[in-house]
Each structure stands twice: as C-alpha cells, then as structure tokens.
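Here is the file run_33.pdb (PDB, C-alpha atoms, pLDDT in the B column).
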```
ATOM      1  CA  MET Z   4     -37.633 -44.273 -30.819  1.00 71.00           C
ATOM      2  CA  GLY Z   5     -41.304 -45.000 -31.682  1.00 84.00           C
ATOM      3  CA  ILE Z   6     -41.463 -48.190 -29.610  1.00 93.00           C
ATOM      4  CA  LYS Z   7     -39.837 -46.400 -26.666  1.00 90.00           C
ATOM      5  CA  ILE Z   8     -42.499 -43.669 -26.746  1.00 93.00           C
ATOM      6  CA  LEU Z   9     -45.294 -46.256 -26.852  1.00 93.00           C
ATOM      7  CA  ILE Z  10     -43.772 -48.164 -23.925  1.00 95.00           C
ATOM      8  CA  GLU Z  11     -43.385 -44.943 -21.947  1.00 95.00           C
ATOM      9  CA  GLY Z  12     -47.003 -44.044 -22.743  1.00 96.00           C
ATOM     10  CA  PHE Z  13     -48.171 -47.468 -21.596  1.00 96.00           C
ATOM     11  CA  ILE Z  14     -46.245 -47.181 -18.305  1.00 96.00           C
ATOM     12  CA  TYR Z  15     -47.616 -43.673 -17.781  1.00 97.00           C
ATOM     13  CA  ALA Z  16     -51.215 -44.779 -18.432  1.00 97.00           C
ATOM     14  CA  VAL Z  17     -50.886 -47.760 -16.082  1.00 96.00           C
ATOM     15  CA  ILE Z  18     -49.444 -45.658 -13.240  1.00 96.00           C
ATOM     16  CA  LEU Z  19     -52.088 -42.929 -13.503  1.00 97.00           C
ATOM     17  CA  GLY Z  20     -54.871 -45.455 -14.107  1.00 97.00           C
ATOM     18  CA  ALA Z  21     -53.819 -47.376 -10.992  1.00 97.00           C
ATOM     19  CA  ILE Z  22     -53.892 -44.219  -8.862  1.00 96.00           C
ATOM     20  CA  VAL Z  23     -57.397 -43.393 -10.089  1.00 97.00           C
ATOM     21  CA  THR Z  24     -58.757 -46.930  -9.754  1.00 97.00           C
ATOM     22  CA  VAL Z  25     -57.325 -47.676  -6.318  1.00 96.00           C
ATOM     23  CA  SER Z  26     -58.576 -44.364  -4.944  1.00 96.00           C
ATOM     24  CA  GLN Z  27     -62.021 -44.987  -6.494  1.00 97.00           C
ATOM     25  CA  LEU Z  28     -62.154 -48.397  -4.826  1.00 96.00           C
ATOM     26  CA  PHE Z  29     -61.349 -46.667  -1.547  1.00 95.00           C
ATOM     27  CA  ASN Z  30     -63.905 -43.848  -2.060  1.00 96.00           C
ATOM     28  CA  ALA Z  31     -65.324 -42.944  -5.481  1.00 96.00           C
ATOM     29  CA  ARG Z  32     -66.593 -39.623  -4.081  1.00 96.00           C
ATOM     30  CA  LEU Z  33     -62.994 -38.410  -4.124  1.00 95.00           C
ATOM     31  CA  TRP Z  34     -63.446 -38.033  -7.911  1.00 96.00           C
ATOM     32  CA  LEU Z  35     -66.887 -36.406  -7.644  1.00 95.00           C
ATOM     33  CA  ASN Z  36     -65.717 -33.482  -9.790  1.00 93.00           C
ATOM     34  CA  CYS Z  37     -65.171 -35.962 -12.662  1.00 95.00           C
ATOM     35  CA  TYR Z  38     -68.785 -37.200 -12.608  1.00 97.00           C
ATOM     36  CA  PRO Z  39     -71.482 -35.737 -14.874  1.00 97.00           C
ATOM     37  CA  LYS Z  40     -73.071 -32.586 -13.385  1.00 96.00           C
ATOM     38  CA  ALA Z  41     -76.489 -34.236 -12.913  1.00 96.00           C
ATOM     39  CA  ILE Z  42     -74.891 -36.842 -10.635  1.00 97.00           C
ATOM     40  CA  GLN Z  43     -72.886 -34.186  -8.778  1.00 96.00           C
ATOM     41  CA  GLU Z  44     -76.101 -32.265  -8.093  1.00 96.00           C
ATOM     42  CA  VAL Z  45     -77.811 -35.273  -6.454  1.00 95.00           C
ATOM     43  CA  VAL Z  46     -75.095 -36.146  -3.947  1.00 96.00           C
ATOM     44  CA  PRO Z  47     -73.749 -33.995  -1.118  1.00 95.00           C
ATOM     45  CA  GLN Z  48     -70.532 -32.097  -1.724  1.00 93.00           C
ATOM     46  CA  ARG Z  49     -67.317 -33.768  -0.658  1.00 94.00           C
ATOM     47  CA  THR Z  50     -66.578 -33.511   3.039  1.00 94.00           C
ATOM     48  CA  LYS Z  51     -63.504 -31.664   4.329  1.00 96.00           C
ATOM     49  CA  LYS Z  52     -61.926 -35.051   5.051  1.00 96.00           C
ATOM     50  CA  GLU Z  53     -62.592 -36.209   1.470  1.00 96.00           C
ATOM     51  CA  ILE Z  54     -61.111 -32.995   0.103  1.00 95.00           C
ATOM     52  CA  LYS Z  55     -57.950 -33.519   2.191  1.00 96.00           C
ATOM     53  CA  ILE Z  56     -57.667 -37.137   1.023  1.00 96.00           C
ATOM     54  CA  LYS Z  57     -58.154 -36.043  -2.600  1.00 95.00           C
ATOM     55  CA  LEU Z  58     -55.305 -33.545  -2.158  1.00 95.00           C
ATOM     56  CA  LEU Z  59     -53.089 -36.302  -0.757  1.00 95.00           C
ATOM     57  CA  ILE Z  60     -53.884 -38.371  -3.844  1.00 95.00           C
ATOM     58  CA  GLY Z  61     -54.067 -35.452  -6.257  1.00 94.00           C
ATOM     59  CA  ILE Z  62     -50.628 -34.029  -5.556  1.00 95.00           C
ATOM     60  CA  PRO Z  63     -48.714 -37.226  -6.447  1.00 94.00           C
ATOM     61  CA  PHE Z  64     -51.138 -37.778  -9.336  1.00 96.00           C
ATOM     62  CA  MET Z  65     -50.351 -34.334 -10.773  1.00 96.00           C
ATOM     63  CA  LEU Z  66     -46.617 -34.761 -10.158  1.00 96.00           C
ATOM     64  CA  VAL Z  67     -46.674 -37.974 -12.186  1.00 97.00           C
ATOM     65  CA  MET Z  68     -49.045 -36.487 -14.770  1.00 97.00           C
ATOM     66  CA  LEU Z  69     -46.794 -33.493 -15.422  1.00 97.00           C
ATOM     67  CA  GLY Z  70     -43.404 -34.820 -14.351  1.00 97.00           C
ATOM     68  CA  TYR Z  71     -43.198 -38.192 -16.080  1.00 97.00           C
ATOM     69  CA  PRO Z  72     -43.616 -36.891 -19.662  1.00 97.00           C
ATOM     70  CA  ALA Z  73     -41.212 -33.996 -18.985  1.00 96.00           C
ATOM     71  CA  TYR Z  74     -38.584 -36.312 -17.483  1.00 95.00           C
ATOM     72  CA  SER Z  75     -39.005 -38.767 -20.364  1.00 95.00           C
ATOM     73  CA  THR Z  76     -38.445 -35.929 -22.815  1.00 95.00           C
ATOM     74  CA  LEU Z  77     -35.299 -34.738 -21.043  1.00 93.00           C
ATOM     75  CA  VAL Z  78     -33.934 -38.288 -21.106  1.00 93.00           C
ATOM     76  CA  LEU Z  79     -34.798 -38.475 -24.806  1.00 93.00           C
ATOM     77  CA  LYS Z  80     -33.000 -35.167 -25.419  1.00 93.00           C
ATOM     78  CA  ASN Z  81     -29.850 -36.516 -23.772  1.00 91.00           C
ATOM     79  CA  THR Z  82     -30.125 -39.761 -25.738  1.00 91.00           C
ATOM     80  CA  VAL Z  83     -30.640 -38.087 -29.125  1.00 91.00           C
ATOM     81  CA  GLY Z  84     -28.061 -35.398 -28.442  1.00 88.00           C
ATOM     82  CA  ILE Z  85     -27.394 -32.817 -31.138  1.00 88.00           C
ATOM     83  CA  GLY Z  86     -30.199 -34.110 -33.375  1.00 91.00           C
ATOM     84  CA  TYR Z  87     -32.842 -33.285 -30.768  1.00 93.00           C
ATOM     85  CA  ASN Z  88     -35.349 -30.590 -31.724  1.00 94.00           C
ATOM     86  CA  PHE Z  89     -38.713 -29.164 -30.699  1.00 96.00           C
ATOM     87  CA  TRP Z  90     -40.736 -31.657 -32.783  1.00 97.00           C
ATOM     88  CA  ILE Z  91     -38.992 -34.715 -31.335  1.00 96.00           C
ATOM     89  CA  GLY Z  92     -39.772 -33.472 -27.822  1.00 96.00           C
ATOM     90  CA  PHE Z  93     -43.316 -32.434 -28.720  1.00 97.00           C
ATOM     91  CA  ILE Z  94     -44.154 -35.821 -30.252  1.00 97.00           C
ATOM     92  CA  ASN Z  95     -42.700 -37.643 -27.249  1.00 97.00           C
ATOM     93  CA  LEU Z  96     -44.741 -35.530 -24.842  1.00 97.00           C
ATOM     94  CA  ILE Z  97     -48.011 -35.633 -26.778  1.00 97.00           C
ATOM     95  CA  VAL Z  98     -47.900 -39.411 -27.307  1.00 97.00           C
ATOM     96  CA  ILE Z  99     -47.110 -40.160 -23.666  1.00 98.00           C
ATOM     97  CA  GLN Z 100     -49.747 -37.789 -22.302  1.00 97.00           C
ATOM     98  CA  ASN Z 101     -52.441 -38.967 -24.655  1.00 97.00           C
ATOM     99  CA  ALA Z 102     -51.736 -42.602 -23.872  1.00 97.00           C
ATOM    100  CA  PHE Z 103     -53.347 -41.883 -20.505  1.00 97.00           C
ATOM    101  CA  ASN Z 104     -55.988 -39.637 -22.036  1.00 97.00           C
ATOM    102  CA  LEU Z 105     -57.073 -42.479 -24.352  1.00 98.00           C
ATOM    103  CA  PHE Z 106     -56.787 -45.115 -21.600  1.00 98.00           C
ATOM    104  CA  ASP Z 107     -58.913 -42.931 -19.353  1.00 98.00           C
ATOM    105  CA  LEU Z 108     -61.535 -42.393 -22.070  1.00 98.00           C
ATOM    106  CA  PHE Z 109     -61.804 -45.916 -23.498  1.00 98.00           C
ATOM    107  CA  ILE Z 110     -61.076 -48.095 -20.458  1.00 98.00           C
ATOM    108  CA  LEU Z 111     -61.848 -46.130 -17.302  1.00 97.00           C
ATOM    109  CA  ASP Z 112     -64.704 -43.991 -18.629  1.00 98.00           C
ATOM    110  CA  TRP Z 113     -66.440 -45.753 -21.512  1.00 98.00           C
ATOM    111  CA  LEU Z 114     -65.796 -49.403 -20.647  1.00 98.00           C
ATOM    112  CA  ILE Z 115     -65.851 -49.372 -16.847  1.00 97.00           C
ATOM    113  CA  PHE Z 116     -67.871 -46.265 -15.891  1.00 97.00           C
ATOM    114  CA  CYS Z 117     -70.431 -46.185 -18.739  1.00 97.00           C
ATOM    115  CA  THR Z 118     -70.723 -49.844 -19.800  1.00 97.00           C
ATOM    116  CA  ILE Z 119     -69.846 -52.150 -16.892  1.00 96.00           C
ATOM    117  CA  LYS Z 120     -71.024 -49.657 -14.220  1.00 96.00           C
ATOM    118  CA  PRO Z 121     -69.469 -51.380 -11.191  1.00 96.00           C
ATOM    119  CA  LYS Z 122     -71.127 -50.833  -7.839  1.00 96.00           C
ATOM    120  CA  TYR Z 123     -68.060 -49.109  -6.348  1.00 96.00           C
ATOM    121  CA  LEU Z 124     -68.466 -46.187  -8.788  1.00 97.00           C
ATOM    122  CA  GLU Z 125     -72.167 -45.696  -8.075  1.00 96.00           C
ATOM    123  CA  LEU Z 126     -72.612 -42.902  -5.572  1.00 96.00           C
ATOM    124  CA  GLU Z 127     -75.288 -43.097  -2.887  1.00 94.00           C
ATOM    125  CA  GLY Z 128     -78.657 -41.820  -4.099  1.00 94.00           C
ATOM    126  CA  THR Z 129     -77.786 -42.062  -7.807  1.00 95.00           C
ATOM    127  CA  HIS Z 130     -78.779 -45.644  -8.591  1.00 93.00           C
ATOM    128  CA  GLY Z 131     -80.087 -46.016 -12.139  1.00 92.00           C
ATOM    129  CA  MET Z 132     -79.284 -42.478 -13.290  1.00 95.00           C
ATOM    130  CA  LYS Z 133     -78.911 -42.368 -17.066  1.00 96.00           C
ATOM    131  CA  GLU Z 134     -75.840 -40.114 -16.721  1.00 96.00           C
ATOM    132  CA  TYR Z 135     -73.790 -43.160 -15.783  1.00 96.00           C
ATOM    133  CA  GLY Z 136     -74.023 -44.039 -19.474  1.00 96.00           C
ATOM    134  CA  ASP Z 137     -73.176 -40.544 -20.787  1.00 97.00           C
ATOM    135  CA  TYR Z 138     -70.430 -41.334 -23.292  1.00 98.00           C
ATOM    136  CA  VAL Z 139     -70.482 -37.782 -24.720  1.00 97.00           C
ATOM    137  CA  PHE Z 140     -69.687 -36.258 -21.315  1.00 98.00           C
ATOM    138  CA  HIS Z 141     -66.479 -38.311 -21.167  1.00 98.00           C
ATOM    139  CA  LEU Z 142     -65.609 -37.598 -24.797  1.00 98.00           C
ATOM    140  CA  LYS Z 143     -65.824 -33.863 -24.081  1.00 97.00           C
ATOM    141  CA  ALA Z 144     -63.584 -34.288 -21.031  1.00 97.00           C
ATOM    142  CA  ALA Z 145     -61.068 -36.247 -23.126  1.00 98.00           C
ATOM    143  CA  PHE Z 146     -61.090 -33.494 -25.754  1.00 98.00           C
ATOM    144  CA  LYS Z 147     -60.289 -30.918 -23.049  1.00 97.00           C
ATOM    145  CA  GLY Z 148     -57.470 -33.202 -21.897  1.00 97.00           C
ATOM    146  CA  PHE Z 149     -56.145 -33.375 -25.448  1.00 97.00           C
ATOM    147  CA  ILE Z 150     -56.153 -29.570 -25.795  1.00 98.00           C
ATOM    148  CA  LEU Z 151     -54.342 -29.193 -22.469  1.00 97.00           C
ATOM    149  CA  SER Z 152     -51.799 -31.827 -23.531  1.00 98.00           C
ATOM    150  CA  VAL Z 153     -51.072 -29.911 -26.747  1.00 98.00           C
ATOM    151  CA  ILE Z 154     -50.448 -26.732 -24.749  1.00 98.00           C
ATOM    152  CA  TYR Z 155     -48.318 -28.489 -22.117  1.00 98.00           C
ATOM    153  CA  SER Z 156     -46.382 -30.434 -24.751  1.00 98.00           C
ATOM    154  CA  GLY Z 157     -45.632 -27.240 -26.659  1.00 97.00           C
ATOM    155  CA  ILE Z 158     -44.392 -25.435 -23.569  1.00 96.00           C
ATOM    156  CA  VAL Z 159     -42.221 -28.294 -22.319  1.00 96.00           C
ATOM    157  CA  ALA Z 160     -40.853 -29.091 -25.787  1.00 96.00           C
ATOM    158  CA  ALA Z 161     -39.921 -25.428 -26.241  1.00 95.00           C
ATOM    159  CA  LEU Z 162     -38.190 -25.379 -22.859  1.00 94.00           C
ATOM    160  CA  THR Z 163     -36.194 -28.507 -23.692  1.00 92.00           C
ATOM    161  CA  VAL Z 164     -34.667 -26.922 -26.783  1.00 90.00           C
ATOM    162  CA  VAL Z 165     -33.254 -24.137 -24.622  1.00 84.00           C
ATOM    163  CA  ARG Z 166     -29.549 -24.776 -24.450  1.00 65.00           C
ATOM    164  CA  GLY Z 167     -28.434 -26.294 -21.193  1.00 58.00           C
ATOM    165  CA  LEU Z 168     -31.840 -27.613 -20.049  1.00 60.00           C
ATOM    166  CA  THR Z 169     -31.128 -31.260 -19.170  1.00 59.00           C
ATOM    167  CA  TYR Z 170     -31.813 -33.609 -16.310  1.00 58.00           C
TER
END
```
Whole structure given in structure tokens:
Amino acid sequence: MGIKILIEGFIYAVILGAIVTVSQLFNARLWLNCYPKAIQEVVPQRTKKEIKIKLLIGIPFMLVMLGYPAYSTLVLKNTVGIGYNFWIGFINLIVIQNAFNLFDLFILDWLIFCTIKPKYLELEGTHGMKEYGDYVFHLKAAFKGFILSVIYSGIVAALTVVRGLTY
C-alpha cells in the first residue's frame, strides 16, 4: 500500500506541476496571485482576458487537485474492503496531496523560481527584484497548503468511512 500511495502522489504532482508550468510558459502573469506581494504591487493587475484564461486553467487544476486524491481514496477503500478505516484514508489523502505541495515548494518555487529564475517567470518591470529569491515567502505558502491538506484530508477521510460511499 505504501508504494501505491507514493506512486499516486508522484502522478498527482506531475499532473499539477505540468498544468502550472505549461500555463506559466504561456503567460506567467496568470499566476500573479502566487508571486510575492512586492512583485504584485509593481506590475499591473491581471487583465479581464488573463482572468478568464486563469479560470479556464484553474477549474481543471482544482478538479484534479481535489478530485484525484478523493478518487484514489475511494479506490483504496474498495481495494482494502472491510479493513478500511479513517486513518488509512487520511494517510492516503495527506501523502498524495503533500506530494504536490512538496514538489511545488522544492522544485517549482525554490529551485526554479528562487534559484534558477528563468526569464519566462520574470514579469515586466520587475527585473532584479530581490523578492524573486524570497524562499520564506514560498515556505509560508507551502505551510498554508499543508494546513489546508490536513483539513481536506480529514473531511474526505471521514466521508469515506460513511457506509455506502464508494465510487
């Protein structure tokens, strides 16, 4: 079961990471709300077109973000059968969700955004801003993601122990 959870977490992180990266390559401003505040204050707000595009990307992103771990847990419940309990579901959910949280922090944020600093992530008018190297900003965001994943995992795990809730 442990290897399966790690594989599921890896798949989850790759899918979400790909959505983020491809959309950033297309237009990094779509993720303006994920930039440090000092950078956000220097650039113009997103246009209406950018907001619409972000919604088109954000809806599938959120469906995968919330749906994949829940579906994985329902499949796990059916596989385990009568031995399934809240803690099995909770661990499955928390590991899968935090696989992306850690991938986002270490790879997308710290390695790529803060260390490598590729040109496609640099927004117009922000060249050389020290906030591009703000590791603490991203650590705080990851901590918020962890707290939200604990809450979501608890809710979904509790719902999966309700008799009759299957896929």
Explicit residues for the PyMOL selection byres ((chain Z and resi 151) around 12) (as a VMD selection string):
chain Z and resid 68 to 69 96 to 97 100 to 101 104 144 to 150 152 to 158
So, with all atoms listed in the file as the atoms that count, which of Z:Leu28, Z:Ile119, Z:Val45, Z:Ile85 lies closest to Z:Met132?
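Closest residue, counting all atoms listed in the file: Z:Val45.
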Non-local contacts of Z:Leu111 (12 Å; all atoms listed in the file; under 6 positions in same chain excluded) as an mmCIF file with C-alpha atoms, keeping the file's coordinate frame:
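So the final result, stored in result-v2.cif, reads:
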```
data_model
loop_
_atom_site.group_PDB
_atom_site.id
_atom_site.type_symbol
_atom_site.label_atom_id
_atom_site.label_comp_id
_atom_site.auth_asym_id
_atom_site.auth_seq_id
_atom_site.Cartn_x
_atom_site.Cartn_y
_atom_site.Cartn_z
ATOM 1 C CA ALA Z 16 -51.215 -44.779 -18.432
ATOM 2 C CA VAL Z 17 -50.886 -47.760 -16.082
ATOM 3 C CA LEU Z 19 -52.088 -42.929 -13.503
ATOM 4 C CA GLY Z 20 -54.871 -45.455 -14.107
ATOM 5 C CA ALA Z 21 -53.819 -47.376 -10.992
ATOM 6 C CA ILE Z 22 -53.892 -44.219 -8.862
ATOM 7 C CA VAL Z 23 -57.397 -43.393 -10.089
ATOM 8 C CA THR Z 24 -58.757 -46.930 -9.754
ATOM 9 C CA VAL Z 25 -57.325 -47.676 -6.318
ATOM 10 C CA GLN Z 27 -62.021 -44.987 -6.494
ATOM 11 C CA CYS Z 37 -65.171 -35.962 -12.662
ATOM 12 C CA PHE Z 103 -53.347 -41.883 -20.505
ATOM 13 C CA ASN Z 104 -55.988 -39.637 -22.036
ATOM 14 C CA LEU Z 105 -57.073 -42.479 -24.352
ATOM 15 C CA CYS Z 117 -70.431 -46.185 -18.739
ATOM 16 C CA THR Z 118 -70.723 -49.844 -19.800
ATOM 17 C CA ILE Z 119 -69.846 -52.150 -16.892
ATOM 18 C CA LYS Z 120 -71.024 -49.657 -14.220
ATOM 19 C CA PRO Z 121 -69.469 -51.380 -11.191
ATOM 20 C CA LEU Z 124 -68.466 -46.187 -8.788
ATOM 21 C CA TYR Z 138 -70.430 -41.334 -23.292
ATOM 22 C CA HIS Z 141 -66.479 -38.311 -21.167
ATOM 23 C CA LEU Z 142 -65.609 -37.598 -24.797
ATOM 24 C CA ALA Z 145 -61.068 -36.247 -23.126
#
```
I'd like to know which of Z:Ile99, Z:Ile115, Z:Ala161, Z:Ala31 is closest to Z:Tyr71, using all atoms listed in the file.
Z:Ile99
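Of note, atom CA of Z:Val46 and atom CA of Z:Val139 are spaced 21.3 Å apart.
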Please compute the atom CA of Z:Glu125-atom CA of Z:Ile42 distance, one decimal, in Å.
9.6 Å
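Note that atom CA of Z:Gly131 and atom CA of Z:Trp34 are 18.9 Å apart.
Among the candidate residues Z:Ala102, Z:Ala41, Z:Ala73, Z:Val83, the one lying nearest to Z:Ile14 is Z:Ala102, with distances computed using all atoms listed in the file.
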Write out as a ChimeraX atom specification the residues lying within 7 Å of Z:Leu33, counting all atoms listed in the file and excluding same-chain residues fewer than 2 positions away.
/Z:30-31,35,53,57
To box stretch 102-109 of chain Z, take all atoms listed in the file, fit an axis-aligned box, add 8 Å on each side, and give centre and edge lengths in Å to one decimal, as lines of an AutoDock Vina configuration file.
```
center_x = -56.8
center_y = -42.8
center_z = -21.9
size_x = 26.1
size_y = 22.3
size_z = 21.0
```
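Restricting the calculation to all atoms listed in the file, the smallest distance between Z:Leu66 and any of Z:Leu79, Z:Ile110, Z:Ile18, Z:Ile91 is found for Z:Ile18.
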Best match for closeness to Z:Asp112 among Z:Val67, Z:Thr82, Z:Val98, Z:Lys143, counting all atoms listed in the file
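Between Z:Val67, Z:Thr82, Z:Val98, Z:Lys143, the residue approaching Z:Asp112 most closely is Z:Lys143.
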Just say which residues the PyMOL selection byres ((chain Z and resi 92) around 8) picks in this file, as a list in words.
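In the shown coordinates, the PyMOL selection byres ((chain Z and resi 92) around 8) covers Thr76, Leu79, Lys80, Tyr87, Asn88, Phe89, Trp90, Ile91, Phe93, Ile94, Asn95, Leu96, Ser156, Val159, Ala160 and Thr163 of chain Z.
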Could you check the closest approach to Z:Ile8 for each of Z:His130, Z:Pro72, Z:Leu59, Z:Gln43 and tell me which residue wins, using all atoms listed in the file?
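The shortest atom-to-atom distance to Z:Ile8 comes from Z:Pro72.
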